[in-house]
file coords_5.pdb (PDB, C-alpha atoms)
ATOM      1  CA  MET A 386     -17.957  12.254 -21.124
ATOM      2  CA  ASN A 387     -19.048   9.956 -18.307
ATOM      3  CA  PHE A 388     -16.427   7.457 -19.426
ATOM      4  CA  TRP A 389     -13.639   9.981 -18.867
ATOM      5  CA  VAL A 390     -14.991  10.804 -15.409
ATOM      6  CA  TYR A 391     -14.988   7.105 -14.519
ATOM      7  CA  LEU A 392     -11.507   6.683 -15.986
ATOM      8  CA  ILE A 393     -10.087   9.546 -13.926
ATOM      9  CA  ASN A 394     -11.748   8.211 -10.780
ATOM     10  CA  GLY A 395     -10.308   4.781 -11.547
ATOM     11  CA  ILE A 396      -6.802   6.197 -11.962
ATOM     12  CA  SER A 397      -7.190   8.072  -8.664
ATOM     13  CA  LEU A 398      -8.344   4.964  -6.782
ATOM     14  CA  GLY A 399      -5.722   2.882  -8.553
ATOM     15  CA  SER A 400      -3.013   5.309  -7.458
ATOM     16  CA  VAL A 401      -3.926   4.641  -3.823
ATOM     17  CA  TYR A 402      -3.807   0.893  -4.460
ATOM     18  CA  ALA A 403      -0.446   1.354  -6.164
ATOM     19  CA  ILE A 404       1.081   3.180  -3.182
ATOM     20  CA  ILE A 405      -0.116   0.433  -0.817
ATOM     21  CA  ALA A 406       1.039  -2.254  -3.257
ATOM     22  CA  LEU A 407       4.521  -0.709  -3.313
ATOM     23  CA  GLY A 408       4.793  -1.490   0.401
ATOM     24  CA  TYR A 409       3.656  -5.073  -0.156
ATOM     25  CA  THR A 410       5.973  -5.643  -3.087
ATOM     26  CA  MET A 411       9.035  -4.180  -1.340
ATOM     27  CA  VAL A 412       8.622  -6.392   1.713
ATOM     28  CA  TYR A 413       7.996  -9.479  -0.393
ATOM     29  CA  GLY A 414      10.774  -8.709  -2.850
ATOM     30  CA  ILE A 415      13.385  -8.266  -0.133
ATOM     31  CA  ALA A 416      12.214 -10.252   2.907
ATOM     32  CA  LYS A 417      10.263 -12.863   0.867
ATOM     33  CA  MET A 418       7.252 -12.611   3.150
ATOM     34  CA  LEU A 419       3.696 -11.288   2.890
ATOM     35  CA  ASN A 420       2.927  -8.677   5.529
ATOM     36  CA  PHE A 421      -0.842  -9.005   5.853
ATOM     37  CA  ALA A 422      -0.788  -6.452   8.677
ATOM     38  CA  HIS A 423       0.022  -3.780   6.089
ATOM     39  CA  GLY A 424      -3.648  -2.808   5.673
ATOM     40  CA  ASP A 425      -3.996  -2.277   9.418
ATOM     41  CA  VAL A 426      -0.991   0.059   9.456
ATOM     42  CA  ILE A 427      -2.995   2.137   6.961
ATOM     43  CA  MET A 428      -5.866   2.294   9.447
ATOM     44  CA  ILE A 429      -3.562   3.308  12.332
ATOM     45  CA  GLY A 430      -2.080   6.073  10.212
ATOM     46  CA  CYS A 431      -5.557   7.452   9.481
ATOM     47  CA  TYR A 432      -6.456   7.452  13.169
ATOM     48  CA  ILE A 433      -3.267   9.381  14.011
ATOM     49  CA  VAL A 434      -4.207  12.086  11.502
ATOM     50  CA  PHE A 435      -7.811  12.136  12.740
ATOM     51  CA  LEU A 436      -6.846  12.493  16.413
ATOM     52  CA  THR A 437      -4.101  15.072  15.951
ATOM     53  CA  MET A 438      -6.360  17.255  13.816
ATOM     54  CA  THR A 439      -9.643  16.982  15.753
ATOM     55  CA  ARG A 440      -8.408  16.689  19.341
ATOM     56  CA  TYR A 441      -5.201  18.726  19.237
ATOM     57  CA  GLY A 442      -5.949  21.053  16.332
ATOM     58  CA  LEU A 443      -2.710  20.435  14.472
ATOM     59  CA  HIS A 444      -2.190  21.610  10.919
ATOM     60  CA  PRO A 445      -3.028  18.872   8.363
ATOM     61  CA  VAL A 446       0.538  18.780   7.005
ATOM     62  CA  LEU A 447       1.983  18.321  10.493
ATOM     63  CA  SER A 448      -0.634  15.650  11.259
ATOM     64  CA  VAL A 449       0.297  13.716   8.114
ATOM     65  CA  LEU A 450       4.015  13.955   8.937
ATOM     66  CA  LEU A 451       3.369  12.657  12.467
ATOM     67  CA  SER A 452       1.301   9.828  10.986
ATOM     68  CA  ILE A 453       4.133   8.847   8.625
ATOM     69  CA  LEU A 454       6.641   8.934  11.496
ATOM     70  CA  PHE A 455       4.402   6.872  13.790
ATOM     71  CA  CYS A 456       3.641   4.267  11.114
ATOM     72  CA  THR A 457       7.328   4.043  10.210
ATOM     73  CA  LEU A 458       8.221   3.292  13.833
ATOM     74  CA  LEU A 459       5.267   0.899  14.074
ATOM     75  CA  GLY A 460       6.484  -0.995  11.023
ATOM     76  CA  ILE A 461       9.977  -1.335  12.479
ATOM     77  CA  THR A 462       8.532  -2.501  15.812
ATOM     78  CA  ILE A 463       6.318  -5.107  14.144
ATOM     79  CA  GLU A 464       9.273  -6.433  12.166
ATOM     80  CA  LYS A 465      11.526  -6.656  15.238
ATOM     81  CA  ILE A 466       8.974  -8.299  17.528
ATOM     82  CA  ALA A 467       6.892 -10.480  15.207
ATOM     83  CA  TYR A 468       8.930 -11.266  12.099
ATOM     84  CA  LYS A 469      12.620 -11.138  12.975
ATOM     85  CA  PRO A 470      12.460 -14.237  15.249
ATOM     86  CA  LEU A 471      10.937 -16.114  12.287
ATOM     87  CA  ARG A 472      13.693 -15.268   9.818
ATOM     88  CA  ARG A 473      14.506 -18.963   9.293
ATOM     89  CA  ALA A 474      10.998 -20.295   9.914
ATOM     90  CA  LEU A 475       8.726 -21.939   7.375
ATOM     91  CA  PRO A 476       6.651 -19.562   5.183
ATOM     92  CA  LEU A 477       3.432 -20.862   6.759
ATOM     93  CA  ALA A 478       4.586 -19.797  10.229
ATOM     94  CA  VAL A 479       5.361 -16.298   8.967
ATOM     95  CA  LEU A 480       1.996 -16.094   7.202
ATOM     96  CA  ILE A 481       0.082 -17.112  10.341
ATOM     97  CA  THR A 482       2.054 -14.569  12.366
ATOM     98  CA  ALA A 483       1.217 -11.816   9.858
ATOM     99  CA  ILE A 484      -2.487 -12.618  10.152
ATOM    100  CA  GLY A 485      -2.153 -12.602  13.947
ATOM    101  CA  VAL A 486      -0.492  -9.167  13.889
ATOM    102  CA  SER A 487      -3.337  -7.917  11.685
ATOM    103  CA  TYR A 488      -5.997  -9.085  14.156
ATOM    104  CA  PHE A 489      -3.980  -7.656  17.050
ATOM    105  CA  LEU A 490      -3.868  -4.187  15.465
ATOM    106  CA  GLN A 491      -7.566  -4.280  14.606
ATOM    107  CA  ASN A 492      -8.580  -5.222  18.136
ATOM    108  CA  MET A 493      -6.231  -2.687  19.695
ATOM    109  CA  ALA A 494      -7.871  -0.037  17.516
ATOM    110  CA  LEU A 495     -11.304  -1.219  18.694
ATOM    111  CA  LEU A 496     -10.233  -0.868  22.332
ATOM    112  CA  VAL A 497      -8.526   2.505  21.916
ATOM    113  CA  PHE A 498     -10.696   4.273  19.338
ATOM    114  CA  GLY A 499     -13.996   2.405  19.608
ATOM    115  CA  ALA A 500     -16.080   0.714  16.932
ATOM    116  CA  ASP A 501     -18.136   3.742  15.879
ATOM    117  CA  THR A 502     -17.599   5.241  12.437
ATOM    118  CA  LYS A 503     -15.759   8.557  12.421
ATOM    119  CA  SER A 504     -15.913  11.220   9.738
ATOM    120  CA  PHE A 505     -12.455  11.839   8.325
ATOM    121  CA  SER A 506     -11.731  15.421   7.282
ATOM    122  CA  ASN A 507     -10.123  15.901   3.883
ATOM    123  CA  VAL A 508      -6.568  17.119   4.476
ATOM    124  CA  ILE A 509      -6.044  18.086   0.825
ATOM    125  CA  THR A 510      -6.784  21.732   0.042
ATOM    126  CA  VAL A 511      -5.468  21.825  -3.531
ATOM    127  CA  PRO A 512      -8.123  23.303  -5.854
ATOM    128  CA  GLY A 513      -9.541  21.123  -8.603
ATOM    129  CA  ILE A 514      -9.546  21.889 -12.305
ATOM    130  CA  THR A 515     -12.355  22.033 -14.857
ATOM    131  CA  LEU A 516     -12.013  20.878 -18.457
ATOM    132  CA  ALA A 517     -14.235  20.676 -21.570
ATOM    133  CA  ASP A 518     -16.248  23.785 -20.660
ATOM    134  CA  GLY A 519     -17.135  22.446 -17.237
ATOM    135  CA  ALA A 520     -18.192  18.999 -18.383
ATOM    136  CA  LEU A 521     -15.163  17.338 -16.821
ATOM    137  CA  LYS A 522     -14.089  18.184 -13.273
ATOM    138  CA  ILE A 523     -10.966  16.801 -11.628
ATOM    139  CA  SER A 524     -10.839  17.251  -7.853
ATOM    140  CA  GLY A 525      -7.767  18.389  -5.978
ATOM    141  CA  THR A 526      -7.730  15.065  -4.121
ATOM    142  CA  THR A 527      -7.475  13.200  -7.428
ATOM    143  CA  ILE A 528      -4.650  15.437  -8.654
ATOM    144  CA  VAL A 529      -2.641  15.078  -5.449
ATOM    145  CA  THR A 530      -3.203  11.303  -5.311
ATOM    146  CA  VAL A 531      -2.007  10.651  -8.868
ATOM    147  CA  VAL A 532       0.970  13.018  -8.614
ATOM    148  CA  ALA A 533       1.985  11.572  -5.243
ATOM    149  CA  CYS A 534       1.859   8.033  -6.641
ATOM    150  CA  ILE A 535       4.093   8.916  -9.604
ATOM    151  CA  ILE A 536       6.585  10.796  -7.421
ATOM    152  CA  ILE A 537       6.758   7.999  -4.836
ATOM    153  CA  MET A 538       7.388   5.345  -7.489
ATOM    154  CA  ALA A 539      10.087   7.456  -9.152
ATOM    155  CA  LEU A 540      11.819   8.164  -5.819
ATOM    156  CA  LEU A 541      11.716   4.489  -4.853
ATOM    157  CA  LEU A 542      13.309   3.463  -8.138
ATOM    158  CA  LEU A 543      16.031   6.102  -7.706
ATOM    159  CA  PHE A 544      16.601   5.057  -4.089
ATOM    160  CA  ILE A 545      16.937   1.373  -4.919
ATOM    161  CA  ASN A 546      19.119   1.821  -7.998
ATOM    162  CA  LYS A 547      21.300   4.761  -6.945
ATOM    163  CA  THR A 548      21.962   4.449  -3.195
ATOM    164  CA  LYS A 549      24.027   2.033  -1.104
ATOM    165  CA  ALA A 550      21.000   1.150   1.017
ATOM    166  CA  GLY A 551      19.038   0.410  -2.148
ATOM    167  CA  GLN A 552      21.824  -1.765  -3.508
ATOM    168  CA  ALA A 553      21.878  -3.600  -0.178
ATOM    169  CA  MET A 554      18.142  -4.258  -0.601
ATOM    170  CA  LEU A 555      18.755  -5.711  -4.049
ATOM    171  CA  ALA A 556      21.531  -7.913  -2.666
ATOM    172  CA  VAL A 557      19.343  -9.179   0.185
ATOM    173  CA  SER A 558      16.497  -9.886  -2.235
ATOM    174  CA  GLU A 559      18.822 -12.094  -4.294
ATOM    175  CA  ASP A 560      20.471 -14.042  -1.468
ATOM    176  CA  LYS A 561      20.444 -13.112   2.219
ATOM    177  CA  ASP A 562      23.358 -15.346   3.182
ATOM    178  CA  ALA A 563      25.590 -14.183   0.342
ATOM    179  CA  ALA A 564      24.729 -10.550   1.079
ATOM    180  CA  GLN A 565      25.665 -11.031   4.732
ATOM    181  CA  LEU A 566      28.997 -12.566   3.731
ATOM    182  CA  MET A 567      29.675  -9.475   1.613
ATOM    183  CA  GLY A 568      29.164  -7.205   4.630
ATOM    184  CA  VAL A 569      25.496  -6.255   4.196
ATOM    185  CA  ASN A 570      23.575  -5.862   7.446
ATOM    186  CA  VAL A 571      20.588  -8.021   6.530
ATOM    187  CA  ASN A 572      18.535  -7.238   9.647
ATOM    188  CA  ALA A 573      18.956  -3.478   9.235
ATOM    189  CA  THR A 574      18.104  -3.720   5.535
ATOM    190  CA  ILE A 575      14.885  -5.628   6.200
ATOM    191  CA  SER A 576      13.947  -3.179   8.970
ATOM    192  CA  LEU A 577      14.510  -0.290   6.553
ATOM    193  CA  THR A 578      12.223  -2.009   4.052
ATOM    194  CA  PHE A 579       9.456  -2.308   6.645
ATOM    195  CA  ALA A 580       9.983   1.329   7.639
ATOM    196  CA  ILE A 581       9.581   2.549   4.056
ATOM    197  CA  GLY A 582       6.576   0.305   3.412
ATOM    198  CA  SER A 583       4.822   1.438   6.593
ATOM    199  CA  GLY A 584       5.502   5.107   5.822
ATOM    200  CA  LEU A 585       3.932   4.598   2.408
ATOM    201  CA  ALA A 586       0.950   2.928   4.097
ATOM    202  CA  ALA A 587       0.352   6.089   6.147
ATOM    203  CA  ILE A 588       0.401   8.251   2.998
ATOM    204  CA  ALA A 589      -1.927   5.888   1.154
ATOM    205  CA  GLY A 590      -4.313   5.788   4.121
ATOM    206  CA  VAL A 591      -4.599   9.567   4.245
ATOM    207  CA  LEU A 592      -5.240   9.739   0.496
ATOM    208  CA  PHE A 593      -7.818   6.945   0.657
ATOM    209  CA  CYS A 594      -9.704   8.447   3.620
ATOM    210  CA  SER A 595      -9.639  11.873   1.968
ATOM    211  CA  ALA A 596     -11.519  10.387  -0.992
ATOM    212  CA  TYR A 597     -13.727   8.066   1.109
ATOM    213  CA  PRO A 598     -14.113   9.985   4.409
ATOM    214  CA  THR A 599     -15.203   7.274   6.822
ATOM    215  CA  LEU A 600     -12.909   5.746   9.417
ATOM    216  CA  THR A 601     -13.314   2.523  11.419
ATOM    217  CA  PRO A 602     -10.862  -0.089  12.777
ATOM    218  CA  TYR A 603     -11.534  -2.058   9.582
ATOM    219  CA  THR A 604     -10.880   0.813   7.177
ATOM    220  CA  GLY A 605      -7.606  -0.619   5.893
ATOM    221  CA  SER A 606      -8.781  -4.198   5.384
ATOM    222  CA  MET A 607     -10.368  -3.964   1.929
ATOM    223  CA  PRO A 608      -7.862  -1.480   0.435
ATOM    224  CA  GLY A 609      -5.091  -3.691   1.824
ATOM    225  CA  ILE A 610      -6.498  -6.827   0.215
ATOM    226  CA  LYS A 611      -7.057  -5.079  -3.110
ATOM    227  CA  ALA A 612      -3.571  -3.573  -3.022
ATOM    228  CA  PHE A 613      -2.130  -7.041  -2.428
ATOM    229  CA  THR A 614      -4.159  -8.170  -5.432
ATOM    230  CA  ALA A 615      -2.679  -5.268  -7.411
ATOM    231  CA  ALA A 616       0.850  -6.297  -6.375
ATOM    232  CA  VAL A 617       0.226  -9.861  -7.565
ATOM    233  CA  PHE A 618      -1.510  -8.556 -10.690
ATOM    234  CA  GLY A 619       1.490  -6.432 -11.658
ATOM    235  CA  GLY A 620       4.087  -8.970 -10.559
ATOM    236  CA  ILE A 621       4.863  -9.035  -6.859
ATOM    237  CA  GLY A 622       8.431  -7.970  -6.178
ATOM    238  CA  SER A 623       8.404  -5.457  -9.049
ATOM    239  CA  ILE A 624       7.985  -1.756  -8.226
ATOM    240  CA  PRO A 625       6.790  -0.767 -11.743
ATOM    241  CA  GLY A 626       4.558  -3.863 -11.629
ATOM    242  CA  ALA A 627       2.927  -2.661  -8.402
ATOM    243  CA  PHE A 628       2.306   0.732 -10.000
ATOM    244  CA  ILE A 629       0.788  -0.729 -13.179
ATOM    245  CA  GLY A 630      -1.222  -3.327 -11.256
ATOM    246  CA  GLY A 631      -2.651  -0.704  -8.915
ATOM    247  CA  ILE A 632      -3.701   1.663 -11.700
ATOM    248  CA  LEU A 633      -5.288  -1.119 -13.762
ATOM    249  CA  LEU A 634      -7.097  -2.524 -10.743
ATOM    250  CA  GLY A 635      -8.568   0.872  -9.859
ATOM    251  CA  ILE A 636      -9.769   1.420 -13.427
ATOM    252  CA  ILE A 637     -11.291  -2.075 -13.614
ATOM    253  CA  GLU A 638     -13.093  -1.572 -10.300
ATOM    254  CA  ILE A 639     -14.593   1.811 -11.182
ATOM    255  CA  LEU A 640     -15.597   0.810 -14.734
ATOM    256  CA  GLY A 641     -17.050  -2.459 -13.439
ATOM    257  CA  ARG A 642     -19.025  -0.547 -10.826
ATOM    258  CA  ALA A 643     -20.306   1.938 -13.417
ATOM    259  CA  TYR A 644     -21.111  -0.312 -16.377
ATOM    260  CA  ILE A 645     -21.750  -3.764 -14.910
ATOM    261  CA  SER A 646     -22.807  -3.759 -11.249
ATOM    262  CA  SER A 647     -21.795  -1.827  -8.157
ATOM    263  CA  GLN A 648     -22.458  -4.931  -6.065
ATOM    264  CA  LEU A 649     -20.237  -7.118  -8.245
ATOM    265  CA  SER A 650     -17.327  -4.683  -8.658
ATOM    266  CA  ASP A 651     -15.171  -6.479  -6.082
ATOM    267  CA  ALA A 652     -15.928  -9.864  -7.632
ATOM    268  CA  ILE A 653     -14.972  -8.492 -11.055
ATOM    269  CA  VAL A 654     -11.620  -7.298  -9.701
ATOM    270  CA  PHE A 655     -10.729 -10.686  -8.263
ATOM    271  CA  ALA A 656     -12.060 -12.509 -11.327
ATOM    272  CA  VAL A 657      -9.719 -10.491 -13.552
ATOM    273  CA  LEU A 658      -6.853 -11.402 -11.235
ATOM    274  CA  ILE A 659      -7.666 -15.094 -11.584
ATOM    275  CA  VAL A 660      -7.681 -14.790 -15.372
ATOM    276  CA  VAL A 661      -4.337 -12.966 -15.370
ATOM    277  CA  LEU A 662      -2.752 -15.569 -13.096
ATOM    278  CA  LEU A 663      -4.045 -18.374 -15.305
ATOM    279  CA  VAL A 664      -2.520 -16.747 -18.380
ATOM    280  CA  LYS A 665       0.648 -15.361 -16.725
ATOM    281  CA  PRO A 666       1.132 -16.701 -13.167
ATOM    282  CA  THR A 667       4.006 -14.309 -12.397
ATOM    283  CA  GLY A 668       1.863 -11.237 -13.103
ATOM    284  CA  ILE A 669       2.364  -8.562 -15.743
ATOM    285  CA  LEU A 670       5.997  -7.684 -14.955
ATOM    286  CA  GLY A 671       6.889 -10.587 -12.681
ATOM    287  CA  LYS A 672       9.807 -12.878 -13.405
ATOM    288  CA  LYS A 673       9.994 -16.625 -12.974
ATOM    289  CA  MET A 674      12.106 -17.697 -10.001
ATOM    290  CA  HIS A 675      14.251 -20.819 -10.288
ATOM    291  CA  GLU A 676      15.165 -22.508  -7.021
ATOM    292  CA  LYS A 677      17.965 -25.031  -6.766
ATOM    293  CA  VAL A 678      17.075 -28.083  -4.713
TER
END
call {"tool": "encode", "arguments": {"input": "coords_5.pdb", "output": "structure tokens"}}
result
Amino acid sequence: MNFWVYLINGISLGSVYAIIALGYTMVYGIAKMLNFAHGDVIMIGCYIVFLTMTRYGLHPVLSVLLSILFCTLLGITIEKIAYKPLRRALPLAVLITAIGVSYFLQNMALLVFGADTKSFSNVITVPGITLADGALKISGTTIVTVVACIIIMALLLLFINKTKAGQAMLAVSEDKDAAQLMGVNVNATISLTFAIGSGLAAIAGVLFCSAYPTLTPYTGSMPGIKAFTAAVFGGIGSIPGAFIGGILLGIIEILGRAYISSQLSDAIVFAVLIVVLLVKPTGILGKKMHEKV
């Protein structure tokens, strides 16, 4: 029975990684850049929920909605100020800028919120369920996390495949210049991508802090790195790949922690990634890209 408990916990953790990875994979798939500040947007979103609930006494649902709105606007602002001027720059310049934005957000959080660890209140009040005559308990947080992940992935796929804005994203991901010639507003499309990714980061942050209720300016760093690993694992640029990669990564981490070593669980995760990339460099659902020179 312990195995099933670990498996459910792994799926729950993996669902959080998958939601974060969806933000990574959307930005990379469309803008062809890695937004390493994504994990810090998660942390900012958690602080917004924490402050609005503890200091202003807002309802958890309203706090989460404000967090999503703030992170969405933050994502758009970051894209406009930091990344838009580098649209034609070398990938290394964009990468260095992304790391700089990450450090900027972390240090701003240190100045504004302080370095002390804060206790994050669980915003999820859904009751859990008990199975197998009480031997298997599934918490409400786990249920909400998994369901939210599935719904978000399904809505993203519908949005991209069935709406004009989604079709514009697909066009920009194929060829920015050709899309612009066909009347697509490339800048607005990329900004929309950052807005969606940052909104998802806020949701993932709330779910993660509800399961692991400690909050510091570095809260988003490790989940962000692991979610990036999940995106690469599943095939970066692929929405179903991000979902599969996140779930598998969460399961591997929890099972590795339970059956091998809690201290080596992170190393096991990254070791599996290395093996996957050696066998299939594009990831599970990734496609090979051919560039004409």
call {"tool": "resolve_selection", "arguments": {"input": "coords_5.pdb", "expression": "the PyMOL selection byres ((chain A and resi 535-544) around 12)", "output": "PyMOL selection string"}}
result
chain A and resi 396-397+399-401+403-408+410-411+528-534+545-555+578+581-582+584-586+588-589+623-629+631-632
call {"tool": "residues_around", "arguments": {"input": "coords_5.pdb", "residues": "Ser576 in chain A", "least_positions_apart": "3", "cutoff": "7 Å", "atoms": "only C-alpha atoms", "output": "list in words"}}
result
Ile461, Glu464, Asn572, Ala573, Phe579 and Ala580 of chain A
call {"tool": "resolve_selection", "arguments": {"input": "coords_5.pdb", "expression": "the PyMOL selection byres ((chain A and resi 639-643) around 12)", "output": "number ranges by chain"}}
result
A: 387-399, 632-638, 644-657
call {"tool": "residues_around", "arguments": {"input": "coords_5.pdb", "residues": "Met438 in chain A", "least_positions_apart": "6", "cutoff": "9 Å", "atoms": "only C-alpha atoms", "output": "ChimeraX atom specification"}}
result
/A:444-445,448,506
call {"tool": "residues_around", "arguments": {"input": "coords_5.pdb", "residues": "Cys594 in chain A", "least_positions_apart": "2", "cutoff": "9 Å", "atoms": "all atoms listed in the file", "output": "ChimeraX atom specification"}}
result
/A:431,505-507,589-592,596-600,604
call {"tool": "atom_distance", "arguments": {"input": "coords_5.pdb", "atom1": "CA of Lys561 in chain A", "atom2": "CA of Ile415 in chain A"}}
result
8.9 Å
call {"tool": "resolve_selection", "arguments": {"input": "coords_5.pdb", "expression": "the PyMOL selection byres ((chain A and resi 509) around 8)", "output": "compact mmCIF listing (two decimals) with C-alpha atoms, in the coordinates of the input"}}
result
# COMPACT_ATOMS: atom_id res chain seq x y z
CA ASN A 507 -10.12 15.90 3.88
CA VAL A 508 -6.57 17.12 4.48
CA THR A 510 -6.78 21.73 0.04
CA VAL A 511 -5.47 21.82 -3.53
CA GLY A 525 -7.77 18.39 -5.98
CA THR A 526 -7.73 15.06 -4.12
CA VAL A 529 -2.64 15.08 -5.45
CA SER A 595 -9.64 11.87 1.97
call {"tool": "closest_residue", "arguments": {"input": "coords_5.pdb", "among": "A:Leu490, A:Met607, A:Leu480, A:Ile433", "to": "Ile463 in chain A", "atoms": "all atoms listed in the file"}}
result
A:Leu490
call {"tool": "residues_near_point", "arguments": {"input": "coords_5.pdb", "point": "(-16.8, -0.6, 15.3)", "cutoff": "9 Å", "atoms": "only C-alpha atoms", "output": "count of residues only"}}
result
9
call {"tool": "atom_distance", "arguments": {"input": "coords_5.pdb", "atom1": "CA of Met493 in chain A", "atom2": "CA of Val446 in chain A"}}
result
25.8 Å
call {"tool": "atom_distance", "arguments": {"input": "coords_5.pdb", "atom1": "CA of Val661 in chain A", "atom2": "CA of Phe618 in chain A"}}
result
7.0 Å
call {"tool": "residues_around", "arguments": {"input": "coords_5.pdb", "residues": "Leu670 in chain A", "least_positions_apart": "2", "cutoff": "6 Å", "atoms": "all atoms listed in the file", "output": "PyMOL selection string"}}
result
chain A and resi 619-620+626+668
call {"tool": "write_last_selection", "arguments": {"input": "coords_5.pdb", "atoms": "C-alpha atoms", "output": "PDB file, keeping the file's coordinate frame"}}
result
ATOM      1  CA  GLY A 619       1.490  -6.432 -11.658  1.00  0.00           C
ATOM      2  CA  GLY A 620       4.087  -8.970 -10.559  1.00  0.00           C
ATOM      3  CA  GLY A 626       4.558  -3.863 -11.629  1.00  0.00           C
ATOM      4  CA  GLY A 668       1.863 -11.237 -13.103  1.00  0.00           C
TER       5      GLY A 668
END
call {"tool": "closest_residue", "arguments": {"input": "coords_5.pdb", "among": "A:Ser504, A:Ser487, A:Thr574, A:Gln565", "to": "Gly605 in chain A", "atoms": "all atoms listed in the file"}}
result
A:Ser487
call {"tool": "closest_residue", "arguments": {"input": "coords_5.pdb", "among": "A:Thr515, A:Ser583, A:Thr482, A:Thr439", "to": "Ser452 in chain A", "atoms": "all atoms listed in the file"}}
result
A:Ser583
call {"tool": "closest_residue", "arguments": {"input": "coords_5.pdb", "among": "A:Ala564, A:Val617, A:Leu451, A:Ala520", "to": "Ile659 in chain A", "atoms": "only C-alpha atoms"}}
result
A:Val617
call {"tool": "closest_residue", "arguments": {"input": "coords_5.pdb", "among": "A:Pro470, A:Gly519, A:Pro476, A:Gly609", "to": "Met428 in chain A", "atoms": "only C-alpha atoms"}}
result
A:Gly609
